[in-house]
>>> print(open('my_file03.cif').read())   # mmCIF, C-alpha atoms
data_input
loop_
_atom_site.label_atom_id
_atom_site.label_comp_id
_atom_site.auth_asym_id
_atom_site.auth_seq_id
_atom_site.Cartn_x
_atom_site.Cartn_y
_atom_site.Cartn_z
CA MET A 1 -88.35 22.71 -18.66
CA GLU A 2 -87.57 26.38 -18.17
CA ARG A 3 -90.54 26.84 -15.89
CA ALA A 4 -89.19 24.13 -13.60
CA PHE A 5 -85.63 25.41 -13.85
CA TYR A 6 -86.04 29.06 -12.81
CA PRO A 7 -87.54 28.50 -9.33
CA LEU A 8 -84.65 26.16 -8.59
CA VAL A 9 -82.11 28.84 -9.57
CA TYR A 10 -84.03 31.38 -7.50
CA PHE A 11 -84.08 29.06 -4.51
CA LEU A 12 -80.50 27.79 -4.67
CA ILE A 13 -78.44 30.60 -6.16
CA PHE A 14 -79.49 34.18 -6.59
CA PRO A 15 -81.91 35.49 -4.05
CA GLY A 16 -81.96 32.17 -2.24
CA PHE A 17 -79.42 30.04 -0.48
CA LEU A 18 -76.02 31.06 -1.89
CA PHE A 19 -76.61 34.81 -2.06
CA THR A 20 -78.34 35.03 1.31
CA SER A 21 -75.71 32.96 3.07
CA ILE A 22 -72.81 35.01 1.66
CA ILE A 23 -74.39 38.36 2.57
CA GLY A 24 -75.58 36.93 5.89
CA LEU A 25 -72.10 35.76 6.83
CA LEU A 26 -70.71 39.18 5.91
CA ALA A 27 -73.43 40.70 8.12
CA SER A 28 -72.41 38.46 11.00
CA TRP A 29 -68.83 39.67 10.47
CA VAL A 30 -70.12 43.25 10.74
CA ASP A 31 -71.80 42.15 13.98
CA ARG A 32 -68.56 40.76 15.43
CA LYS A 33 -66.45 43.68 14.19
CA VAL A 34 -68.77 46.39 15.55
CA THR A 35 -69.05 44.49 18.84
CA ALA A 36 -65.25 44.36 19.01
CA ARG A 37 -64.92 48.08 18.25
CA VAL A 38 -67.50 48.94 20.93
CA GLN A 39 -65.41 46.92 23.40
CA TRP A 40 -62.23 48.69 22.21
CA ARG A 41 -60.84 45.57 20.52
CA VAL A 42 -59.69 44.99 16.95
CA GLY A 43 -61.99 42.14 16.03
CA PRO A 44 -61.73 39.29 13.51
CA PRO A 45 -60.87 39.61 9.78
CA TRP A 46 -63.73 39.76 7.28
CA TYR A 47 -63.51 36.09 6.27
CA GLN A 48 -63.81 34.81 9.85
CA PRO A 49 -67.48 33.64 9.69
CA PHE A 50 -66.77 31.76 6.43
CA VAL A 51 -63.80 30.01 8.06
CA ASP A 52 -65.90 29.11 11.10
CA ILE A 53 -68.56 27.47 8.93
CA LEU A 54 -65.90 25.66 6.86
CA LYS A 55 -64.19 24.39 10.00
CA LEU A 56 -67.42 23.15 11.60
CA MET A 57 -68.26 21.32 8.36
CA GLY A 58 -64.96 19.44 8.62
CA LYS A 59 -65.41 18.39 12.24
CA GLU A 60 -66.83 15.16 13.58
CA THR A 61 -70.64 15.10 13.98
CA ILE A 62 -71.57 13.45 17.26
CA VAL A 63 -75.05 12.13 17.97
CA PRO A 64 -75.00 11.42 21.71
CA ALA A 65 -76.07 7.90 22.74
CA GLY A 66 -79.79 7.34 23.29
CA HIS A 67 -80.90 10.42 21.35
CA LYS A 68 -83.49 10.69 18.62
CA ALA A 69 -81.01 11.01 15.74
CA SER A 70 -83.61 11.86 13.08
CA PHE A 71 -85.05 14.85 14.95
CA PHE A 72 -81.63 15.86 16.22
CA LEU A 73 -80.13 16.07 12.73
CA LEU A 74 -83.16 17.25 10.72
CA ALA A 75 -84.11 20.17 13.01
CA PRO A 76 -81.27 22.46 11.81
CA LEU A 77 -82.25 21.82 8.18
CA LEU A 78 -85.85 22.89 8.92
CA GLY A 79 -84.64 26.30 10.04
CA LEU A 80 -82.31 26.64 7.06
CA ILE A 81 -85.09 25.80 4.58
CA GLY A 82 -87.43 28.27 6.29
CA VAL A 83 -85.08 31.22 6.13
CA THR A 84 -84.01 30.41 2.54
CA LEU A 85 -87.65 30.35 1.43
CA VAL A 86 -88.38 33.67 3.15
CA SER A 87 -85.38 35.29 1.52
CA THR A 88 -86.27 33.95 -1.92
CA ILE A 89 -89.89 35.14 -1.72
CA LEU A 90 -88.87 38.53 -0.35
CA TRP A 91 -86.28 39.22 -3.05
CA VAL A 92 -88.40 37.97 -5.92
CA LEU A 93 -91.21 40.27 -4.73
CA ASN A 94 -88.80 43.20 -4.47
CA LEU A 95 -87.27 42.58 -7.89
CA ASN A 96 -90.62 42.05 -9.54
CA PRO A 97 -93.58 43.41 -7.52
CA GLY A 98 -95.95 42.03 -10.17
CA SER A 99 -95.31 38.49 -8.93
CA SER A 100 -97.18 39.25 -5.70
CA PHE A 101 -99.76 36.64 -4.70
CA VAL A 102 -102.64 36.73 -2.23
CA GLY A 103 -101.36 36.16 1.29
CA ASP A 104 -97.64 36.55 0.55
CA LEU A 105 -97.18 38.60 3.72
CA VAL A 106 -98.85 35.89 5.80
CA VAL A 107 -96.69 33.18 4.22
CA ILE A 108 -93.54 35.15 5.04
CA LEU A 109 -94.65 35.75 8.64
CA TYR A 110 -95.29 32.04 9.10
CA LEU A 111 -91.99 31.00 7.53
CA PHE A 112 -90.12 33.43 9.78
CA THR A 113 -91.03 31.30 12.81
CA LEU A 114 -89.44 28.16 11.32
CA PRO A 115 -85.90 28.94 12.58
CA SER A 116 -87.21 29.39 16.14
CA LEU A 117 -89.18 26.17 15.75
CA ALA A 118 -85.99 24.43 14.60
CA VAL A 119 -84.16 25.63 17.71
CA ILE A 120 -87.02 24.35 19.90
CA ILE A 121 -87.08 20.91 18.23
CA GLY A 122 -83.30 20.60 18.26
CA GLY A 123 -83.00 21.64 21.87
CA ALA A 124 -85.75 19.30 23.00
CA ALA A 125 -84.32 16.39 20.98
CA SER A 126 -80.84 16.86 22.41
CA LYS A 127 -81.96 15.18 25.68
CA ASN A 128 -79.78 17.48 27.72
CA PRO A 129 -81.23 19.38 30.70
CA LEU A 130 -79.64 22.61 29.47
CA GLY A 131 -80.92 22.00 25.93
CA ALA A 132 -84.46 21.37 27.22
CA LEU A 133 -84.27 24.51 29.37
CA GLY A 134 -83.13 26.53 26.35
CA ALA A 135 -85.92 25.08 24.21
CA SER A 136 -88.57 25.95 26.81
CA ARG A 137 -87.23 29.49 27.10
CA GLU A 138 -87.23 29.86 23.31
CA MET A 139 -90.85 28.69 23.27
CA LYS A 140 -91.86 31.34 25.81
CA LEU A 141 -89.92 33.98 23.90
CA VAL A 142 -91.72 33.07 20.65
CA LEU A 143 -95.07 33.50 22.44
CA GLY A 144 -93.78 36.82 23.74
CA TYR A 145 -92.59 38.51 20.56
CA GLU A 146 -95.02 37.14 17.97
CA LEU A 147 -97.96 39.15 19.32
CA PRO A 148 -96.44 42.68 19.11
CA PHE A 149 -94.59 41.76 15.88
CA LEU A 150 -97.81 40.72 14.13
CA ILE A 151 -99.65 43.80 15.41
CA ALA A 152 -96.81 46.02 14.13
CA ILE A 153 -96.81 44.43 10.68
CA PHE A 154 -100.60 44.53 10.43
CA THR A 155 -100.55 48.22 11.34
CA VAL A 156 -99.05 48.72 7.90
CA VAL A 157 -101.70 46.49 6.35
CA VAL A 158 -104.48 48.51 8.01
CA LYS A 159 -102.87 51.79 6.98
CA ILE A 160 -102.57 50.73 3.36
CA GLY A 161 -105.75 48.72 3.20
CA SER A 162 -104.23 45.78 1.37
CA ILE A 163 -102.33 42.64 2.33
CA LEU A 164 -100.47 42.33 -0.99
CA PHE A 165 -96.76 43.16 -1.12
CA GLN A 166 -97.31 44.83 -4.48
CA ASP A 167 -99.68 47.34 -2.86
CA ILE A 168 -97.38 47.91 0.14
CA LEU A 169 -94.49 48.79 -2.20
CA GLY A 170 -96.72 50.80 -4.56
CA PHE A 171 -98.29 52.80 -1.72
CA GLN A 172 -94.86 53.74 -0.39
CA GLN A 173 -93.69 54.85 -3.84
CA ILE A 174 -96.68 57.17 -4.24
CA ASN A 175 -97.40 58.42 -0.71
CA GLY A 176 -93.90 58.30 0.76
CA ILE A 177 -92.41 55.63 3.01
CA MET A 178 -94.29 54.31 6.04
CA LEU A 179 -91.78 56.07 8.32
CA ARG A 180 -93.34 59.43 7.36
CA HIS A 181 -96.57 58.46 9.14
CA PRO A 182 -96.83 58.44 12.97
CA SER A 183 -98.36 54.95 12.98
CA GLY A 184 -95.52 53.74 10.76
CA ILE A 185 -92.84 55.09 13.12
CA ILE A 186 -94.43 53.45 16.17
CA ALA A 187 -94.83 50.14 14.36
CA PHE A 188 -91.22 50.33 13.16
CA VAL A 189 -89.87 50.79 16.71
CA VAL A 190 -91.96 47.83 17.91
CA ALA A 191 -90.75 45.74 14.97
CA ILE A 192 -87.09 46.53 15.73
CA ILE A 193 -87.54 45.39 19.35
CA CYS A 194 -89.21 42.19 18.14
CA THR A 195 -86.42 41.69 15.58
CA GLN A 196 -83.96 41.75 18.44
CA ALA A 197 -85.97 38.97 20.11
CA LYS A 198 -86.36 37.00 16.86
CA LEU A 199 -82.58 37.06 16.36
CA THR A 200 -82.15 36.18 20.09
CA MET A 201 -79.69 39.04 20.47
CA VAL A 202 -78.66 40.39 23.78
CA PRO A 203 -81.55 41.85 25.70
CA PHE A 204 -83.41 38.69 24.60
CA ASP A 205 -80.64 36.09 24.29
CA ILE A 206 -82.28 34.19 27.16
CA PRO A 207 -82.63 30.85 25.30
CA GLU A 208 -78.89 30.50 24.74
CA ALA A 209 -77.45 32.53 27.60
CA GLU A 210 -73.82 31.44 27.33
CA GLN A 211 -72.91 32.21 30.91
CA GLU A 212 -75.80 30.41 32.59
CA ILE A 213 -77.00 27.57 30.33
CA LEU A 214 -73.99 27.20 28.00
CA SER A 215 -75.60 28.13 24.67
CA GLY A 216 -78.81 26.24 25.59
CA PRO A 217 -80.35 24.30 22.68
CA PHE A 218 -77.01 24.00 20.87
CA VAL A 219 -75.19 22.46 23.82
CA GLU A 220 -75.05 18.94 22.33
CA TYR A 221 -74.51 19.98 18.72
CA SER A 222 -71.15 19.62 17.04
CA GLY A 223 -69.78 19.76 13.51
CA ALA A 224 -72.10 20.15 10.52
CA PRO A 225 -75.47 20.59 12.35
CA LEU A 226 -73.94 23.36 14.45
CA ALA A 227 -72.64 24.98 11.26
CA VAL A 228 -76.17 24.88 9.84
CA TYR A 229 -77.52 26.60 12.95
CA LYS A 230 -74.83 29.29 12.70
CA LEU A 231 -75.61 29.76 9.01
CA THR A 232 -79.34 30.04 9.74
CA ARG A 233 -78.62 32.69 12.35
CA ALA A 234 -76.44 34.63 9.88
CA MET A 235 -79.11 34.43 7.17
CA MET A 236 -81.76 35.68 9.60
CA LEU A 237 -79.47 38.63 10.31
CA PHE A 238 -79.75 39.48 6.62
CA THR A 239 -83.38 38.58 5.92
CA LEU A 240 -85.14 40.23 8.86
CA PRO A 241 -83.77 43.77 8.25
CA VAL A 242 -84.57 43.36 4.54
CA PHE A 243 -88.14 42.46 5.50
CA LEU A 244 -88.42 45.53 7.74
CA ILE A 245 -87.00 47.75 4.96
CA THR A 246 -89.53 46.31 2.51
CA VAL A 247 -92.49 46.88 4.79
CA PHE A 248 -91.57 50.20 6.43
CA TRP A 249 -88.79 51.86 4.49
CA GLY A 250 -89.80 51.86 0.85
CA GLY A 251 -88.41 48.50 -0.24
CA LEU A 252 -85.22 47.73 -2.13
CA GLN A 253 -84.35 49.69 -5.26
CA PHE A 254 -81.68 48.58 -7.71
CA SER A 255 -81.23 51.37 -10.27
CA GLY A 256 -78.28 53.76 -10.16
CA TRP A 257 -77.73 55.63 -6.90
CA ASP A 258 -80.77 53.97 -5.35
CA LEU A 259 -78.70 50.80 -5.04
CA LEU A 260 -76.23 52.60 -2.75
CA TRP A 261 -79.17 54.01 -0.77
CA THR A 262 -80.59 50.48 -0.36
CA VAL A 263 -77.26 49.17 0.94
CA LEU A 264 -76.98 52.12 3.34
CA LYS A 265 -80.50 51.50 4.66
CA TYR A 266 -79.64 47.86 5.35
CA VAL A 267 -76.31 48.65 7.05
CA ALA A 268 -77.91 51.39 9.18
CA LEU A 269 -80.60 49.00 10.40
CA LEU A 270 -77.98 46.31 11.07
CA VAL A 271 -75.81 48.68 13.10
CA ILE A 272 -78.83 49.83 15.14
CA ILE A 273 -79.57 46.20 16.01
CA ILE A 274 -75.92 45.55 16.91
CA LEU A 275 -75.71 48.66 19.08
CA ILE A 276 -78.86 47.67 20.97
CA LYS A 277 -77.18 44.30 21.49
CA ASN A 278 -74.00 45.85 22.85
CA THR A 279 -75.50 48.39 25.23
CA ASN A 280 -78.00 46.25 27.10
CA PRO A 281 -77.87 43.57 29.78
CA ARG A 282 -79.73 40.29 29.40
CA LEU A 283 -83.28 40.12 30.75
CA ARG A 284 -84.72 37.18 32.67
CA ILE A 285 -87.44 35.26 30.83
CA ASP A 286 -90.22 36.64 33.08
CA GLN A 287 -88.93 40.20 32.65
CA ALA A 288 -88.77 39.70 28.89
CA MET A 289 -92.36 38.40 28.78
CA ARG A 290 -93.59 41.30 30.94
CA PHE A 291 -91.74 43.75 28.68
CA LEU A 292 -92.99 42.24 25.41
CA TRP A 293 -96.61 41.72 26.47
CA GLY A 294 -96.70 44.98 28.46
CA PRO A 295 -95.19 48.22 27.10
CA VAL A 296 -94.30 46.85 23.65
CA THR A 297 -97.76 45.44 22.95
CA VAL A 298 -99.43 48.59 24.28
CA LEU A 299 -97.21 50.65 21.95
CA ALA A 300 -98.07 48.37 19.03
CA ILE A 301 -101.82 48.72 19.77
CA LEU A 302 -101.37 52.50 19.94
CA GLY A 303 -99.80 52.42 16.48
CA MET A 304 -102.69 50.28 15.24
CA VAL A 305 -105.24 52.77 16.64
CA LEU A 306 -103.43 55.63 14.88
CA ALA A 307 -103.50 53.64 11.64
CA VAL A 308 -107.24 52.99 12.01
CA VAL A 309 -107.82 56.72 12.61
CA GLY A 310 -105.81 57.36 9.46
CA LEU A 311 -102.58 58.98 10.64
CA MET B 1 -58.08 17.98 3.48
CA ALA B 2 -55.67 20.91 3.24
CA LEU B 3 -58.64 23.30 3.26
CA LYS B 4 -60.03 21.59 6.35
CA ASN B 5 -56.77 22.00 8.22
CA TRP B 6 -56.41 25.60 7.13
CA ALA B 7 -59.91 26.37 8.42
CA LEU B 8 -59.16 24.63 11.71
CA LYS B 9 -56.01 26.71 12.13
CA LYS B 10 -57.87 29.93 11.40
CA SER B 11 -60.71 29.40 13.87
CA PRO B 12 -59.71 27.34 16.92
CA TRP B 13 -62.47 27.50 19.53
CA ILE B 14 -61.27 26.69 23.01
CA PHE B 15 -62.98 25.06 25.96
CA HIS B 16 -61.51 25.64 29.34
CA LEU B 17 -61.48 23.02 32.09
CA CYS B 18 -60.24 23.55 35.63
CA THR B 19 -59.08 20.34 37.34
CA GLY B 20 -58.35 21.76 40.76
CA SER B 21 -56.18 24.75 39.99
CA CYS B 22 -55.91 27.83 42.18
CA ASN B 23 -57.81 29.91 39.55
CA ASN B 24 -54.75 31.93 38.69
CA CYS B 25 -54.27 30.28 35.29
CA ASP B 26 -58.03 30.56 34.59
CA ILE B 27 -58.05 34.30 35.17
CA GLU B 28 -54.87 34.70 33.16
CA LEU B 29 -56.47 32.73 30.29
CA LEU B 30 -59.43 35.10 30.23
CA GLU B 31 -56.97 37.97 29.96
CA CYS B 32 -56.24 36.80 26.40
CA LEU B 33 -59.79 37.88 25.47
CA THR B 34 -59.42 41.42 26.79
CA PRO B 35 -58.71 44.42 24.51
CA ARG B 36 -55.00 44.30 25.26
CA TYR B 37 -54.45 40.87 23.66
CA ASP B 38 -57.76 40.30 21.80
CA VAL B 39 -57.28 36.76 20.49
CA GLU B 40 -60.54 37.04 18.50
CA ARG B 41 -58.29 38.69 15.87
CA PHE B 42 -57.04 35.16 15.15
CA GLY B 43 -60.49 33.61 15.34
CA ILE B 44 -59.99 32.17 18.83
CA LEU B 45 -63.25 32.07 20.79
CA LEU B 46 -64.04 30.76 24.24
CA VAL B 47 -67.05 28.42 23.95
CA GLY B 48 -69.35 27.15 26.67
CA SER B 49 -69.84 23.56 25.49
CA VAL B 50 -67.04 21.08 24.81
CA ARG B 51 -69.01 19.82 21.79
CA HIS B 52 -68.21 23.08 19.98
CA ALA B 53 -64.54 23.10 20.93
CA ASP B 54 -61.39 22.39 18.93
CA ALA B 55 -58.98 22.69 21.83
CA LEU B 56 -59.41 21.55 25.43
CA ILE B 57 -57.35 23.75 27.73
CA VAL B 58 -56.73 22.05 31.08
CA THR B 59 -55.47 23.88 34.15
CA GLY B 60 -54.68 22.50 37.59
CA ALA B 61 -52.90 19.49 39.05
CA LEU B 62 -55.73 16.97 38.36
CA THR B 63 -57.34 15.94 41.63
CA ARG B 64 -58.76 12.45 42.11
CA GLN B 65 -62.33 13.77 41.72
CA CYS B 66 -61.59 15.29 38.32
CA VAL B 67 -60.19 12.18 36.60
CA PRO B 68 -63.52 10.73 35.33
CA ARG B 69 -64.68 14.20 34.34
CA LEU B 70 -61.52 14.90 32.33
CA LYS B 71 -61.84 11.51 30.58
CA GLU B 72 -65.49 12.14 29.72
CA LEU B 73 -64.88 15.67 28.43
CA TYR B 74 -62.00 14.42 26.28
CA ASP B 75 -64.28 11.77 24.76
CA GLN B 76 -67.05 14.32 24.21
CA MET B 77 -64.82 16.66 22.23
CA PRO B 78 -65.36 16.24 18.47
CA LYS B 79 -62.15 15.19 16.72
CA PRO B 80 -59.80 16.51 15.40
CA GLY B 81 -59.14 18.24 18.70
CA LEU B 82 -56.14 19.37 20.71
CA VAL B 83 -55.36 19.14 24.42
CA ILE B 84 -53.27 21.90 25.94
CA ALA B 85 -51.88 21.69 29.48
CA LEU B 86 -51.81 25.20 30.90
CA GLY B 87 -49.66 26.13 33.87
CA GLN B 88 -46.96 24.44 35.93
CA CYS B 89 -49.48 22.26 37.83
CA ALA B 90 -51.01 20.80 34.68
CA CYS B 91 -47.55 20.14 33.20
CA SER B 92 -45.84 18.54 36.20
CA CYS B 93 -48.05 18.92 39.35
CA SER B 94 -45.64 21.60 40.59
CA ILE B 95 -45.63 21.92 44.42
CA PHE B 96 -48.55 19.47 44.75
CA LYS B 97 -46.48 16.50 43.53
CA GLY B 98 -46.91 13.47 45.78
CA SER B 99 -49.95 14.89 47.55
CA TYR B 100 -52.56 12.28 48.61
CA ASN B 101 -55.37 13.79 46.53
CA ILE B 102 -53.43 14.43 43.32
CA VAL B 103 -53.40 11.95 40.43
CA GLY B 104 -51.92 14.36 37.84
CA PRO B 105 -50.06 15.49 35.71
CA ILE B 106 -52.63 15.68 32.90
CA ASP B 107 -50.65 13.52 30.46
CA LYS B 108 -51.15 10.45 32.69
CA ILE B 109 -54.83 10.46 31.67
CA VAL B 110 -55.18 12.10 28.23
CA PRO B 111 -52.64 12.72 25.44
CA VAL B 112 -51.35 16.30 25.65
CA ASP B 113 -50.28 18.20 22.52
CA VAL B 114 -48.64 21.24 24.03
CA TYR B 115 -47.39 22.12 27.52
CA ILE B 116 -47.40 25.79 28.56
CA PRO B 117 -45.46 26.12 31.85
CA GLY B 118 -45.59 29.09 34.16
CA CYS B 119 -47.33 30.05 37.38
CA PRO B 120 -49.34 31.47 35.71
CA PRO B 121 -48.01 31.66 32.14
CA LYS B 122 -48.11 35.10 30.55
CA PRO B 123 -50.81 35.68 27.91
CA GLU B 124 -48.03 35.94 25.30
CA ALA B 125 -46.84 32.48 26.32
CA MET B 126 -50.39 31.11 25.97
CA ILE B 127 -50.83 32.60 22.50
CA SER B 128 -47.44 31.22 21.47
CA GLY B 129 -48.42 27.81 22.87
CA ILE B 130 -51.70 27.75 20.95
CA VAL B 131 -49.86 28.73 17.76
CA LYS B 132 -47.42 25.84 18.32
CA ALA B 133 -50.32 23.46 18.91
CA LEU B 134 -51.95 24.54 15.65
CA GLY B 135 -48.63 23.98 13.86
CA LYS B 136 -48.88 20.30 14.81
CA LEU B 137 -52.09 19.79 12.84
#
>>> encode(input="my_file03.cif", output="structure tokens")
Amino acid sequence: MERAFYPLVYFLIFPGFLFTSIIGLLASWVDRKVTARVQWRVGPPWYQPFVDILKLMGKETIVPAGHKASFFLLAPLLGLIGVTLVSTILWVLNLNPGSSFVGDLVVILYLFTLPSLAVIIGGAASKNPLGALGASREMKLVLGYELPFLIAIFTVVVKIGSILFQDILGFQQINGIMLRHPSGIIAFVVAIICTQAKLTMVPFDIPEAEQEILSGPFVEYSGAPLAVYKLTRAMMLFTLPVFLITVFWGGLQFSGWDLLWTVLKYVALLVIIILIKNTNPRLRIDQAMRFLWGPVTVLAILGMVLAVVGL
Amino acid sequence: MALKNWALKKSPWIFHLCTGSCNNCDIELLECLTPRYDVERFGILLVGSVRHADALIVTGALTRQCVPRLKELYDQMPKPGLVIALGQCACSCSIFKGSYNIVGPIDKIVPVDVYIPGCPPKPEAMISGIVKALGKL
């Protein structure tokens, strides 16, 4: 009984759905507030993202005539489940490194693509030219950022010589964080750029460019499914920096002053991402692909070479 | 139900439709989003798709071409939703009244919740109008 009960609590309440969504929505408030301050505005109150989700939940859900309702309505849930699973696995591993299992890193990397996949399915199922255009752009963007992102993460694996999370955390406790090694720094920079693309934030917000294709894949969504997409986005804003901190920056610690340090690390990473978002123009999809497969991939390979050499 | 209404009042997202206006009201509407007025403080956002919107803001004297489009956009908006007529033309056709290509005012075609007159209305007037519209919920 207990053995069946605990995973459910993990998944639904503490490191999983409830916790991640609350922190994620707060993070998306930080995003809006910092954006507003950069633009010399005041910005919304802290509860604004919660109110937005609540309001969308109360609105009418429209499935436009002639659409594939099952795909249209289930796609957002796919993304939500993916990001919740990632967050649960990541936090359980951080709280208790002993629960590491073979291939946990690979599982997390696969689950991280589910939200993008959900956007692609939803956009394609919405039967709207703008939605289809957004879905195709998202597909190209996924092809673009996955390659350097995987190389960057596997730089760490090569450096440490193990694919277990337990060993990644243990190595960083003994030999210092990955950011003290040249290969680690290069991989971290590449990973931040790819995070920007994974979150579809401004230099890479090509799939949902509001001014040209009217929020792309989400154009036909209204009410609860749209709220689920917004929630997934907010949870990604929490989970991805936590993943980067775990892999590159010594993981999350929870005892005494280390807790404050952990929170500071997360907020610093979040603000870096938001500032990149606010100081860059949007790229075209071909420019983004050239950038991600060109300089970024070359940089990632350089980091990998350094890791192989042993730096 | 009370919670739902409270949430709707705290985060009204607006969609902006021009039915043949001279663009003056449209530019003035965008001024609400600038640092001087910053309506995002109250949770008001300008959205690109009418499916996300809670309030349809209509400007212009409603030309013959725009009638089917206005009807369709009103039907596409998820309910509960508000319609706000912005500017003198949208309220009463203004100087275009009786013109051969004008069907307007807006309330001939869709039910209007709040009229904001002016040519163009000041941003303060628009914010006050939106607040009045939310009071009707």
>>> residues_around(input="my_file03.cif", residues="A:Leu93", least_positions_apart="5", cutoff="10 Å", atoms="only C-alpha atoms", output="ChimeraX atom specification")
/A:87-88,98-101,104,165-166,169,246,251-252
>>> atom_distance(input="my_file03.cif", atom1="atom CA of A:Leu117", atom2="atom CA of A:Trp249")
28.1 Å
>>> residues_near_point(input="my_file03.cif", point="(-68.8, 24.6, 10.3)", cutoff="9 Å", atoms="all atoms listed in the file", output="MDAnalysis selection string")
chainID A and resid 50:59 222:228 230:231
>>> closest_residue(input="my_file03.cif", among="A:Phe14, A:Val30, A:Leu292, A:Ala135", to="A:Leu269", atoms="all atoms listed in the file")
A:Val30
>>> atom_distance(input="my_file03.cif", atom1="atom CA of A:Tyr10", atom2="atom CA of A:Val267")
23.9 Å
>>> resolve_selection(input="my_file03.cif", expression="the PyMOL selection byres ((chain B) within 10 of (chain A))", output="PyMOL selection string")
chain B and resi 1+3-13+33-44+47-54+76-81
>>> atom_distance(input="my_file03.cif", atom1="atom CA of A:Ile177", atom2="atom CA of A:Phe112")
23.3 Å
>>> resolve_selection(input="my_file03.cif", expression="the PyMOL selection byres ((chain B and resi 18) around 10)", output="PyMOL selection string")
chain B and resi 16-17+19-23+25-26+57-62+66+70+86+90
>>> resolve_selection(input="my_file03.cif", expression="the PyMOL selection byres ((chain B and resi 120) around 7)", output="JSON, numbers by chain")
{"B": [24, 25, 28, 87, 118, 119, 121, 122]}
>>> write_last_selection(input="my_file03.cif", atoms="C-alpha atoms", output="mmCIF file, in the frame of the given file")
data_model
loop_
_atom_site.group_PDB
_atom_site.id
_atom_site.type_symbol
_atom_site.label_atom_id
_atom_site.label_comp_id
_atom_site.auth_asym_id
_atom_site.auth_seq_id
_atom_site.Cartn_x
_atom_site.Cartn_y
_atom_site.Cartn_z
ATOM 1 C CA ASN B 24 -54.750 31.930 38.690
ATOM 2 C CA CYS B 25 -54.270 30.280 35.290
ATOM 3 C CA GLU B 28 -54.870 34.700 33.160
ATOM 4 C CA GLY B 87 -49.660 26.130 33.870
ATOM 5 C CA GLY B 118 -45.590 29.090 34.160
ATOM 6 C CA CYS B 119 -47.330 30.050 37.380
ATOM 7 C CA PRO B 121 -48.010 31.660 32.140
ATOM 8 C CA LYS B 122 -48.110 35.100 30.550
#
>>> residues_near_point(input="my_file03.cif", point="(-102.9, 36.2, 25.9)", cutoff="9 Å", atoms="all atoms listed in the file", output="PyMOL selection string")
chain A and resi 143+147+293
>>> write_last_selection(input="my_file03.cif", atoms="C-alpha atoms", output="PDB file, keeping the file's coordinate frame")
ATOM      1  CA  LEU A 143     -95.070  33.500  22.440  1.00  0.00           C
ATOM      2  CA  LEU A 147     -97.960  39.150  19.320  1.00  0.00           C
ATOM      3  CA  TRP A 293     -96.610  41.720  26.470  1.00  0.00           C
TER       4      TRP A 293
END
>>> residues_around(input="my_file03.cif", residues="B:Val110", least_positions_apart="5", cutoff="9 Å", atoms="only C-alpha atoms", output="ChimeraX atom specification")
/B:70-71,74,83
>>> closest_residue(input="my_file03.cif", among="A:Leu90, A:Leu259, A:Leu150, A:Val271", to="A:Ala191", atoms="all atoms listed in the file")
A:Leu150
>>> closest_residue(input="my_file03.cif", among="B:Leu45, B:Leu134, B:Cys91, B:Cys32", to="B:Pro111", atoms="only C-alpha atoms")
B:Cys91
>>> closest_residue(input="my_file03.cif", among="A:Gln173, A:Ser28, A:Gln196, A:Ser183", to="A:Leu240", atoms="only C-alpha atoms")
A:Gln196
